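Down below is the structure, laid out as structure tokens.
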Amino acid sequence: MKILYFAWVREKIGKSQEELEIPDAVKTVADLILWLETKGPEYEAAFANKETINSAINQSHVDHSTQLNNANEIAFFPPVTGG
Amino acid sequence: MKILYFAWVREKIGKSQEELEIPDAVKTVADLILWLETKGPEYEAAFANKETINSAINQSHVDHSTQLNNANEIAFFPPVTGG
Amino acid sequence: MTIRIQTEDFDITKEINLLKEERKKSGQQDVGAIVTFTGTVRDMAGKTPINSMSLEHYPGMTEKELTDIAEEANKRWPLLGTTIIHRIGDLEPGDNIVLVVTLSSHRHAAFEAADFLMDFLKSKAPFWKKEQPLEGEANWVDARDSDKQALSRWEK
Amino acid sequence: MTIRIQTEDFDITKEINLLKEERKKSGQQDVGAIVTFTGTVRDMAGKTPINSMSLEHYPGMTEKELTDIAEEANKRWPLLGTTIIHRIGDLEPGDNIVLVVTLSSHRHAAFEAADFLMDFLKSKAPFWKKEQPLEGEANWVDARDSDKQALSRWEK
């Protein structure tokens with residue numbers, strides 16, 4: 001699965017994207033965040049304040065309770081600040 | 001007193017402005033309209049539908065009950081349609 | 001604050017830049033939001049095809065009313081620049097009629113002030129439109145009730 | 001409907017004329033109202049003087065979100081043209097960031113749709129601003145609660 005990071009999430013994790021094999025037990029976006037946090041302190045730092053992390057599956061906004069199902073691409077980013 | 005006419009009020013009266021001596025008995029805008037109507041059928045035609053006639057004294061909107069007092073310039077015109 | 005009555009066309013980008021330059025002279029670049037409204041001539045009046053339009057106004061009173069309206073908008077919202085330009089004379093379908101520009105630090109002030117300026121201009125500024133249909137006599141445009149009603153949105 | 005993400009600046013008059021030309025190809029000149037919103041870079045973030053700003057986005061999702069927002073606006077209001085342009089990359093105080101243009105026959109539709117587009121863009125479109133102060137570290141701009149609250153105005 002392709003995972004993308006933007007803005008300070010990207011900076012904290014130290015990469016803009018990666019391709020990862022997700023264990024079957026990881027069902028939801030929230031599960032994925034918990035699993036990513038086991039990968040190292042940079043992930044823990046990025047996801048420390050989960051309420052401020054927005055997520056998108058296949059380029060559509062989703063909340064953390066959303067099932068991953070057929071996701072090809074998941075992105076994590078702070079609240080948007082364009083305009 | 002200088003009296004100005006605009007749009008179809010001007011066209012019906014057949015002039016855009018005139019200088020008139022107003023009798024002392026003419027106290028308000030409404031009085032002035034009644035007095036102008038005695039000046040000929042073109043004035044009667046212009047003021048036939050008084051509710052649609054807007055007026056301004058010294059270039060500020062006023063309603064027909066307004067006293068003429070120190071008016072130098074009075075204008076009559078249809079509801080405005082700019083913009 | 002810029003108020004102009006003119007026969008010639010206007011350029012929106014140029015008018016915005018003039019306001020931005022003027023504000024920049026204050027030493028600050030605190031403009032974050034710019035709203036413009038442009039009114040243009042349509043080719044139909046209801047079901048009647050229109051060939052052209054002419055705009056008459058009340059010189060002197062027009063400038064006074066537009067200045068009053070702009071000052072009122074500046075009292076109600078923290079504006080950093082205001083322009084109102086209204087064309088007079090003969091216009092054709094597609095032509096620009098009126099331009100309102102508002103500058104502010106924040107977008108809701110700029111939006112509301114431009115909306116307010118147009119509502120008041122439509123009901124207060126002494127302009128009159130005469131439409132020339134493709135066939136038949138020219139006729140004066142009637143005022144719209146909806147324009148009068150729009151004013152009530154701004155009662156304090 | 002025009003959606004563009006670009007590093008270069010835009011010209012507001014030119015973008016309006018493109019929409020007017022496109023609409024004119026339909027054989028009608030029924031545009032009576034044109035509203036534009038332009039967002040620009042301010043030189044202060046609260047009390048901190050800003051030297052520059054950089055804008056990051058999520059390629060692919062950005063275009064998708066902006067298209068969705070524009071389509072929703074076109075469902076809600078009778079628009080005759082819509083443009084959204086958002087710049088990315090490095091910008092300085094005074095620079096344009098975003099442009100929204102709406103064309104309609106009547107002014108309230110054009111005003112409301114532009115206001116709506118900006119509220120949704122601010123809360124939904126995946127852009128992130130990083131500010132470089134005159135002194136010290138660059139930092140990511142925080143989202144504003146007021147932008148989230150602005151959305152509730154449009155709930156049906």
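Chain labels A, B, ... are given in the sequence in which chains occur in the structure tokens; within each chain residues are numbered consecutively from 1, and ligands are likewise numbered from 1 in the order shown.
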
Original post:
Using only C-alpha atoms, which chain D residues lie at most 10 Å away from chain C, written as an NGL selection string?
Top reply: :D and (10-14 or 16 or 20-21 or 24 or 28-45 or 93-108 or 110-112 or 114-115 or 118-119 or 150)

**OP:** Check chain B with DSSP on the backbone and list each residue it calls strand (DSSP E or B), as number ranges by chain.
**Re:** B: 2-5, 17-19, 28, 54-57, 60-62, 67, 73-77

Least-squares superpose chain A onto chain B - every C-alpha atom, paired in order - and show me the moved coordinates as a short mmCIF file (atom, residue, chain, number, x, y, z; two decimals) with N, CA, C and O atoms, in the first residue's frame.
```cif
data_model
loop_
_atom_site.label_atom_id
_atom_site.label_comp_id
_atom_site.auth_asym_id
_atom_site.auth_seq_id
_atom_site.Cartn_x
_atom_site.Cartn_y
_atom_site.Cartn_z
N MET A 1 -35.91 78.53 -7.87
CA MET A 1 -35.44 77.21 -7.47
C MET A 1 -35.15 76.39 -8.72
O MET A 1 -35.91 76.41 -9.69
N LYS A 2 -34.04 75.65 -8.65
CA LYS A 2 -33.65 74.82 -9.80
C LYS A 2 -34.32 73.45 -9.68
O LYS A 2 -34.22 72.80 -8.65
N ILE A 3 -35.03 73.08 -10.74
CA ILE A 3 -35.71 71.79 -10.72
C ILE A 3 -35.17 70.93 -11.85
O ILE A 3 -35.07 71.37 -13.00
N LEU A 4 -34.76 69.68 -11.48
CA LEU A 4 -34.15 68.76 -12.45
C LEU A 4 -35.06 67.56 -12.67
O LEU A 4 -35.72 67.10 -11.73
N TYR A 5 -35.04 67.05 -13.89
CA TYR A 5 -35.83 65.85 -14.22
C TYR A 5 -34.92 64.83 -14.89
O TYR A 5 -34.07 65.19 -15.71
N PHE A 6 -35.10 63.57 -14.54
CA PHE A 6 -34.27 62.52 -15.14
C PHE A 6 -35.10 61.38 -15.71
O PHE A 6 -36.24 61.17 -15.32
N ALA A 7 -34.49 60.67 -16.66
CA ALA A 7 -35.04 59.45 -17.27
C ALA A 7 -36.43 59.76 -17.86
O ALA A 7 -36.59 60.78 -18.51
N TRP A 8 -37.44 58.89 -17.60
CA TRP A 8 -38.73 59.14 -18.28
C TRP A 8 -39.47 60.36 -17.71
O TRP A 8 -40.34 60.91 -18.40
N VAL A 9 -39.14 60.82 -16.53
CA VAL A 9 -39.74 62.08 -16.04
C VAL A 9 -39.27 63.23 -16.95
O VAL A 9 -40.07 64.05 -17.40
N ARG A 10 -37.96 63.22 -17.23
CA ARG A 10 -37.39 64.22 -18.15
C ARG A 10 -38.05 64.13 -19.53
O ARG A 10 -38.44 65.15 -20.11
N GLU A 11 -38.18 62.91 -20.04
CA GLU A 11 -38.75 62.75 -21.38
C GLU A 11 -40.21 63.22 -21.45
O GLU A 11 -40.62 63.84 -22.43
N LYS A 12 -40.98 62.90 -20.40
CA LYS A 12 -42.40 63.28 -20.41
C LYS A 12 -42.57 64.80 -20.30
O LYS A 12 -43.43 65.38 -20.96
N ILE A 13 -41.74 65.42 -19.46
CA ILE A 13 -41.85 66.88 -19.29
C ILE A 13 -41.20 67.60 -20.47
O ILE A 13 -41.59 68.72 -20.82
N GLY A 14 -40.23 66.94 -21.11
CA GLY A 14 -39.63 67.52 -22.31
C GLY A 14 -38.48 68.46 -22.02
O GLY A 14 -38.05 69.21 -22.90
N LYS A 15 -37.99 68.46 -20.79
CA LYS A 15 -36.79 69.24 -20.49
C LYS A 15 -36.05 68.60 -19.32
O LYS A 15 -36.64 67.88 -18.51
N SER A 16 -34.76 68.86 -19.24
CA SER A 16 -33.96 68.23 -18.18
C SER A 16 -33.86 69.11 -16.93
O SER A 16 -33.61 68.62 -15.85
N GLN A 17 -34.08 70.43 -17.13
CA GLN A 17 -34.10 71.29 -15.93
C GLN A 17 -34.75 72.62 -16.23
O GLN A 17 -34.88 73.02 -17.37
N GLU A 18 -35.16 73.29 -15.17
CA GLU A 18 -35.72 74.63 -15.31
C GLU A 18 -35.56 75.38 -13.98
O GLU A 18 -35.35 74.77 -12.94
N GLU A 19 -35.62 76.70 -14.07
CA GLU A 19 -35.53 77.58 -12.90
C GLU A 19 -36.92 78.15 -12.68
O GLU A 19 -37.47 78.79 -13.59
N LEU A 20 -37.51 77.91 -11.51
CA LEU A 20 -38.89 78.37 -11.27
C LEU A 20 -39.00 79.13 -9.96
O LEU A 20 -38.33 78.83 -8.98
N GLU A 21 -39.88 80.15 -9.97
CA GLU A 21 -40.26 80.85 -8.73
C GLU A 21 -41.39 80.06 -8.10
O GLU A 21 -42.47 79.92 -8.70
N ILE A 22 -41.20 79.57 -6.91
CA ILE A 22 -42.20 78.73 -6.26
C ILE A 22 -43.05 79.60 -5.33
O ILE A 22 -42.52 80.34 -4.51
N PRO A 23 -44.40 79.50 -5.43
CA PRO A 23 -45.26 80.29 -4.53
C PRO A 23 -45.02 79.91 -3.07
O PRO A 23 -44.67 78.76 -2.78
N ASP A 24 -45.23 80.86 -2.16
CA ASP A 24 -45.01 80.61 -0.73
C ASP A 24 -45.86 79.48 -0.19
O ASP A 24 -45.47 78.80 0.76
N ALA A 25 -47.03 79.28 -0.77
CA ALA A 25 -47.94 78.24 -0.28
C ALA A 25 -47.40 76.82 -0.49
O ALA A 25 -47.86 75.87 0.13
N VAL A 26 -46.42 76.70 -1.37
CA VAL A 26 -45.82 75.39 -1.67
C VAL A 26 -44.75 75.09 -0.61
O VAL A 26 -43.67 75.66 -0.62
N LYS A 27 -45.11 74.20 0.34
CA LYS A 27 -44.23 73.95 1.49
C LYS A 27 -43.42 72.66 1.37
O LYS A 27 -42.29 72.57 1.87
N THR A 28 -44.04 71.64 0.79
CA THR A 28 -43.41 70.32 0.77
C THR A 28 -43.16 69.85 -0.68
O THR A 28 -43.65 70.47 -1.64
N VAL A 29 -42.45 68.76 -0.80
CA VAL A 29 -42.23 68.15 -2.11
C VAL A 29 -43.58 67.78 -2.74
O VAL A 29 -43.79 68.03 -3.94
N ALA A 30 -44.48 67.23 -1.93
CA ALA A 30 -45.80 66.85 -2.44
C ALA A 30 -46.55 68.08 -2.98
O ALA A 30 -47.17 68.02 -4.05
N ASP A 31 -46.47 69.20 -2.24
CA ASP A 31 -47.07 70.46 -2.70
C ASP A 31 -46.49 70.88 -4.04
O ASP A 31 -47.21 71.31 -4.95
N LEU A 32 -45.18 70.75 -4.16
CA LEU A 32 -44.50 71.17 -5.39
C LEU A 32 -44.97 70.35 -6.58
O LEU A 32 -45.22 70.88 -7.67
N ILE A 33 -45.14 69.04 -6.36
CA ILE A 33 -45.62 68.18 -7.44
C ILE A 33 -47.02 68.64 -7.88
O ILE A 33 -47.29 68.77 -9.08
N LEU A 34 -47.90 68.88 -6.89
CA LEU A 34 -49.27 69.33 -7.22
C LEU A 34 -49.25 70.65 -8.00
O LEU A 34 -49.97 70.83 -8.97
N TRP A 35 -48.37 71.55 -7.60
CA TRP A 35 -48.26 72.84 -8.27
C TRP A 35 -47.71 72.67 -9.69
O TRP A 35 -48.21 73.29 -10.65
N LEU A 36 -46.70 71.80 -9.83
CA LEU A 36 -46.13 71.55 -11.17
C LEU A 36 -47.20 71.00 -12.12
O LEU A 36 -47.24 71.35 -13.30
N GLU A 37 -48.08 70.15 -11.58
CA GLU A 37 -49.12 69.53 -12.42
C GLU A 37 -50.07 70.57 -13.02
O GLU A 37 -50.70 70.31 -14.04
N THR A 38 -50.17 71.75 -12.39
CA THR A 38 -51.04 72.80 -12.93
C THR A 38 -50.41 73.50 -14.13
O THR A 38 -51.06 74.30 -14.80
N LYS A 39 -49.11 73.18 -14.36
CA LYS A 39 -48.39 73.89 -15.42
C LYS A 39 -48.62 73.31 -16.82
O LYS A 39 -48.10 73.86 -17.80
N GLY A 40 -49.31 72.17 -16.90
CA GLY A 40 -49.56 71.65 -18.24
C GLY A 40 -49.68 70.14 -18.27
O GLY A 40 -49.28 69.47 -17.31
N PRO A 41 -50.23 69.63 -19.37
CA PRO A 41 -50.48 68.18 -19.47
C PRO A 41 -49.19 67.35 -19.43
O PRO A 41 -49.22 66.19 -19.00
N GLU A 42 -48.07 67.94 -19.90
CA GLU A 42 -46.82 67.16 -19.88
C GLU A 42 -46.39 66.88 -18.43
O GLU A 42 -45.87 65.83 -18.12
N TYR A 43 -46.65 67.85 -17.53
CA TYR A 43 -46.35 67.65 -16.10
C TYR A 43 -47.33 66.64 -15.50
O TYR A 43 -46.95 65.77 -14.72
N GLU A 44 -48.60 66.78 -15.88
CA GLU A 44 -49.60 65.82 -15.39
C GLU A 44 -49.22 64.41 -15.77
O GLU A 44 -49.33 63.49 -14.97
N ALA A 45 -48.74 64.24 -17.01
CA ALA A 45 -48.34 62.90 -17.48
C ALA A 45 -47.15 62.38 -16.68
O ALA A 45 -47.10 61.22 -16.27
N ALA A 46 -46.18 63.27 -16.45
CA ALA A 46 -44.97 62.85 -15.75
C ALA A 46 -45.27 62.42 -14.31
O ALA A 46 -44.68 61.46 -13.80
N PHE A 47 -46.21 63.13 -13.66
CA PHE A 47 -46.47 62.87 -12.24
C PHE A 47 -47.74 62.05 -12.02
O PHE A 47 -48.24 61.97 -10.89
N ALA A 48 -48.28 61.44 -13.08
CA ALA A 48 -49.55 60.72 -12.98
C ALA A 48 -49.52 59.67 -11.87
O ALA A 48 -50.48 59.49 -11.14
N ASN A 49 -48.39 58.97 -11.77
CA ASN A 49 -48.28 57.89 -10.79
C ASN A 49 -47.26 58.31 -9.72
O ASN A 49 -46.09 57.98 -9.79
N LYS A 50 -47.79 59.07 -8.73
CA LYS A 50 -46.86 59.74 -7.80
C LYS A 50 -46.01 58.80 -6.97
O LYS A 50 -44.89 59.14 -6.58
N GLU A 51 -46.53 57.59 -6.68
CA GLU A 51 -45.76 56.68 -5.82
C GLU A 51 -44.45 56.23 -6.50
O GLU A 51 -43.52 55.80 -5.84
N THR A 52 -44.43 56.31 -7.83
CA THR A 52 -43.22 55.86 -8.52
C THR A 52 -42.21 56.99 -8.71
O THR A 52 -41.12 56.75 -9.23
N ILE A 53 -42.56 58.20 -8.28
CA ILE A 53 -41.65 59.32 -8.47
C ILE A 53 -40.76 59.49 -7.23
O ILE A 53 -41.25 59.65 -6.12
N ASN A 54 -39.45 59.42 -7.44
CA ASN A 54 -38.49 59.68 -6.36
C ASN A 54 -38.08 61.14 -6.42
O ASN A 54 -38.14 61.78 -7.48
N SER A 55 -37.65 61.65 -5.27
CA SER A 55 -37.23 63.05 -5.25
C SER A 55 -35.96 63.22 -4.43
O SER A 55 -35.66 62.41 -3.55
N ALA A 56 -35.22 64.27 -4.76
CA ALA A 56 -34.01 64.61 -4.01
C ALA A 56 -33.97 66.11 -3.81
O ALA A 56 -34.32 66.87 -4.71
N ILE A 57 -33.59 66.53 -2.60
CA ILE A 57 -33.36 67.95 -2.33
C ILE A 57 -31.87 68.14 -2.11
O ILE A 57 -31.26 67.40 -1.32
N ASN A 58 -31.31 69.12 -2.80
CA ASN A 58 -29.87 69.36 -2.70
C ASN A 58 -29.06 68.06 -2.80
O ASN A 58 -28.13 67.81 -2.05
N GLN A 59 -29.48 67.20 -3.75
CA GLN A 59 -28.77 65.97 -4.09
C GLN A 59 -28.80 64.89 -3.01
O GLN A 59 -27.92 64.02 -2.98
N SER A 60 -29.82 64.93 -2.15
CA SER A 60 -30.04 63.83 -1.20
C SER A 60 -31.48 63.34 -1.34
O SER A 60 -32.40 64.14 -1.45
N HIS A 61 -31.63 62.00 -1.29
CA HIS A 61 -32.98 61.43 -1.38
C HIS A 61 -33.87 61.97 -0.26
O HIS A 61 -33.45 62.07 0.88
N VAL A 62 -35.11 62.34 -0.63
CA VAL A 62 -36.09 62.75 0.38
C VAL A 62 -37.44 62.13 0.00
O VAL A 62 -37.65 61.76 -1.16
N ASP A 63 -38.36 62.03 0.98
CA ASP A 63 -39.70 61.58 0.59
C ASP A 63 -40.61 62.79 0.37
O ASP A 63 -40.22 63.93 0.63
N HIS A 64 -41.81 62.53 -0.12
CA HIS A 64 -42.67 63.62 -0.60
C HIS A 64 -43.17 64.52 0.52
O HIS A 64 -43.63 65.63 0.26
N SER A 65 -43.10 64.05 1.75
CA SER A 65 -43.58 64.86 2.88
C SER A 65 -42.51 65.87 3.35
O SER A 65 -42.79 66.69 4.22
N THR A 66 -41.32 65.80 2.78
CA THR A 66 -40.23 66.68 3.23
C THR A 66 -40.50 68.15 2.90
O THR A 66 -40.98 68.49 1.81
N GLN A 67 -40.19 69.02 3.86
CA GLN A 67 -40.32 70.47 3.67
C GLN A 67 -39.25 70.97 2.70
O GLN A 67 -38.11 70.51 2.75
N LEU A 68 -39.60 71.92 1.87
CA LEU A 68 -38.64 72.45 0.91
C LEU A 68 -37.59 73.35 1.59
O LEU A 68 -36.42 73.35 1.22
N ASN A 69 -38.05 74.14 2.61
CA ASN A 69 -37.12 75.00 3.36
C ASN A 69 -36.09 75.69 2.49
O ASN A 69 -36.43 76.47 1.61
N ASN A 70 -34.81 75.37 2.70
CA ASN A 70 -33.74 76.08 1.99
C ASN A 70 -33.26 75.38 0.72
O ASN A 70 -32.12 75.54 0.31
N ALA A 71 -34.14 74.59 0.14
CA ALA A 71 -33.74 73.86 -1.06
C ALA A 71 -33.28 74.80 -2.18
O ALA A 71 -33.94 75.80 -2.47
N ASN A 72 -32.14 74.51 -2.76
CA ASN A 72 -31.69 75.22 -3.97
C ASN A 72 -32.01 74.41 -5.21
O ASN A 72 -32.20 74.95 -6.29
N GLU A 73 -31.99 73.08 -5.01
CA GLU A 73 -32.08 72.19 -6.16
C GLU A 73 -32.98 71.02 -5.79
O GLU A 73 -32.75 70.36 -4.78
N ILE A 74 -34.00 70.81 -6.59
CA ILE A 74 -34.89 69.67 -6.38
C ILE A 74 -34.91 68.84 -7.64
O ILE A 74 -34.96 69.39 -8.75
N ALA A 75 -34.84 67.51 -7.45
CA ALA A 75 -34.85 66.63 -8.63
C ALA A 75 -35.96 65.61 -8.51
O ALA A 75 -36.28 65.16 -7.41
N PHE A 76 -36.56 65.27 -9.66
CA PHE A 76 -37.59 64.23 -9.73
C PHE A 76 -37.14 63.17 -10.73
O PHE A 76 -36.65 63.51 -11.81
N PHE A 77 -37.31 61.92 -10.34
CA PHE A 77 -36.84 60.82 -11.22
C PHE A 77 -37.52 59.51 -10.85
O PHE A 77 -38.06 59.38 -9.75
N PRO A 78 -37.50 58.54 -11.76
CA PRO A 78 -38.06 57.22 -11.44
C PRO A 78 -37.13 56.48 -10.48
O PRO A 78 -35.99 56.91 -10.27
N PRO A 79 -37.60 55.36 -9.91
CA PRO A 79 -36.70 54.53 -9.10
C PRO A 79 -35.43 54.21 -9.89
O PRO A 79 -35.49 53.98 -11.10
N VAL A 80 -34.29 54.23 -9.20
CA VAL A 80 -33.00 54.09 -9.89
C VAL A 80 -32.78 52.65 -10.35
O VAL A 80 -33.29 51.71 -9.74
N THR A 81 -32.04 52.49 -11.43
CA THR A 81 -31.84 51.16 -12.03
C THR A 81 -30.40 50.95 -12.51
O THR A 81 -30.16 50.27 -13.51
N GLY A 82 -29.45 51.54 -11.78
CA GLY A 82 -28.05 51.33 -12.16
C GLY A 82 -27.52 50.00 -11.67
O GLY A 82 -28.25 49.15 -11.19
N GLY A 83 -26.20 49.85 -11.78
CA GLY A 83 -25.51 48.68 -11.23
C GLY A 83 -25.45 47.50 -12.16
O GLY A 83 -26.10 47.45 -13.17
#
```

Original post:
Skipping near chain neighbours, those fewer than 2 positions away, what residues fall within 9 Å of Ala73 in chain C using only C-alpha atoms, listed as a list in words?
Top reply: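 That gives Asp68, Ile69, Ala70, Glu71, Lys75, Arg76, Trp77, Pro78, Leu79, Thr82, Ala113, Ala114, Phe116 and Leu117 of chain C.
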
Report as a tab-separated table the residues of chain C within 10 Å of chain B, each with its shortest atom pair and distance in Å (one decimal), using only C-alpha atoms, ordered by chain and increasing residue number.
```
residue	atom	partner	partner_atom	distance
C:Thr38	CA	B:Gly83	CA	8.8
C:Gly39	CA	B:Gly83	CA	6.3
C:Thr40	CA	B:Gly83	CA	8.7
C:Val41	CA	B:Gly83	CA	10.0
C:Leu55	CA	B:Gly82	CA	7.7
C:Glu56	CA	B:Ala7	CA	7.0
C:His57	CA	B:Phe6	CA	7.7
C:Tyr58	CA	B:Phe6	CA	7.5
C:Pro59	CA	B:Gln59	CA	9.3
C:Gly60	CA	B:Gln59	CA	7.2
C:Met61	CA	B:Gln59	CA	4.8
C:Thr62	CA	B:Gln59	CA	8.3
C:Glu63	CA	B:Gln59	CA	9.9
C:Lys64	CA	B:Gln59	CA	7.7
C:Glu65	CA	B:Ser60	CA	7.7
C:Ile85	CA	B:Gly83	CA	9.8
C:His86	CA	B:Gly83	CA	7.4
C:Arg87	CA	B:Gly83	CA	9.1
C:Ile88	CA	B:Gly82	CA	9.5
C:Asn96	CA	B:Gly83	CA	10.0
C:Ile97	CA	B:Gly83	CA	6.7
C:Val98	CA	B:Gly83	CA	5.6
C:Leu99	CA	B:Gly83	CA	8.5
C:Val100	CA	B:Gly83	CA	9.7
C:Met118	CA	B:Gly83	CA	7.1
C:Asp119	CA	B:Gly83	CA	8.8
C:Phe120	CA	B:Gly83	CA	9.6
C:Leu121	CA	B:Gly83	CA	6.5
C:Lys122	CA	B:Gly83	CA	5.4
C:Ser123	CA	B:Val80	CA	6.2
C:Lys124	CA	B:Val80	CA	6.8
C:Ala125	CA	B:Val80	CA	6.7
C:Pro126	CA	B:Val80	CA	5.4
C:Phe127	CA	B:Gly82	CA	4.6
C:Trp128	CA	B:Thr81	CA	4.8
C:Lys129	CA	B:Thr81	CA	5.9
C:Lys130	CA	B:Ala7	CA	8.2
C:Asn139	CA	B:Trp8	CA	8.9
C:Trp140	CA	B:Trp8	CA	7.0
C:Val141	CA	B:Thr81	CA	6.8
C:Asp142	CA	B:Thr81	CA	7.0
C:Ala143	CA	B:Thr81	CA	5.5
C:Arg144	CA	B:Thr81	CA	8.1
C:Asp147	CA	B:Thr81	CA	9.3
```

**OP:** Kindly give the distance, in Å, that separates CA of Ala109 in chain D and CA of Asn17 in chain D, rounded to a single decimal.
**Re:**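 We find that CA of Ala109 in chain D and CA of Asn17 in chain D lie 19.1 Å from each other.
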
Original post:
Between CA of Thr2 in chain D and CA of Lys25 in chain D, what is the distance, to one decimal in Å?
Top reply: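 Going from CA of Thr2 in chain D over to CA of Lys25 in chain D, I get 15.7 Å.
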
Subject >> helix (DSSP H, G or I) call set, DSSP backbone run, chain A, as a PyMOL selection string >> reply: chain A and resi 7-13+29-37+41-46+50-52
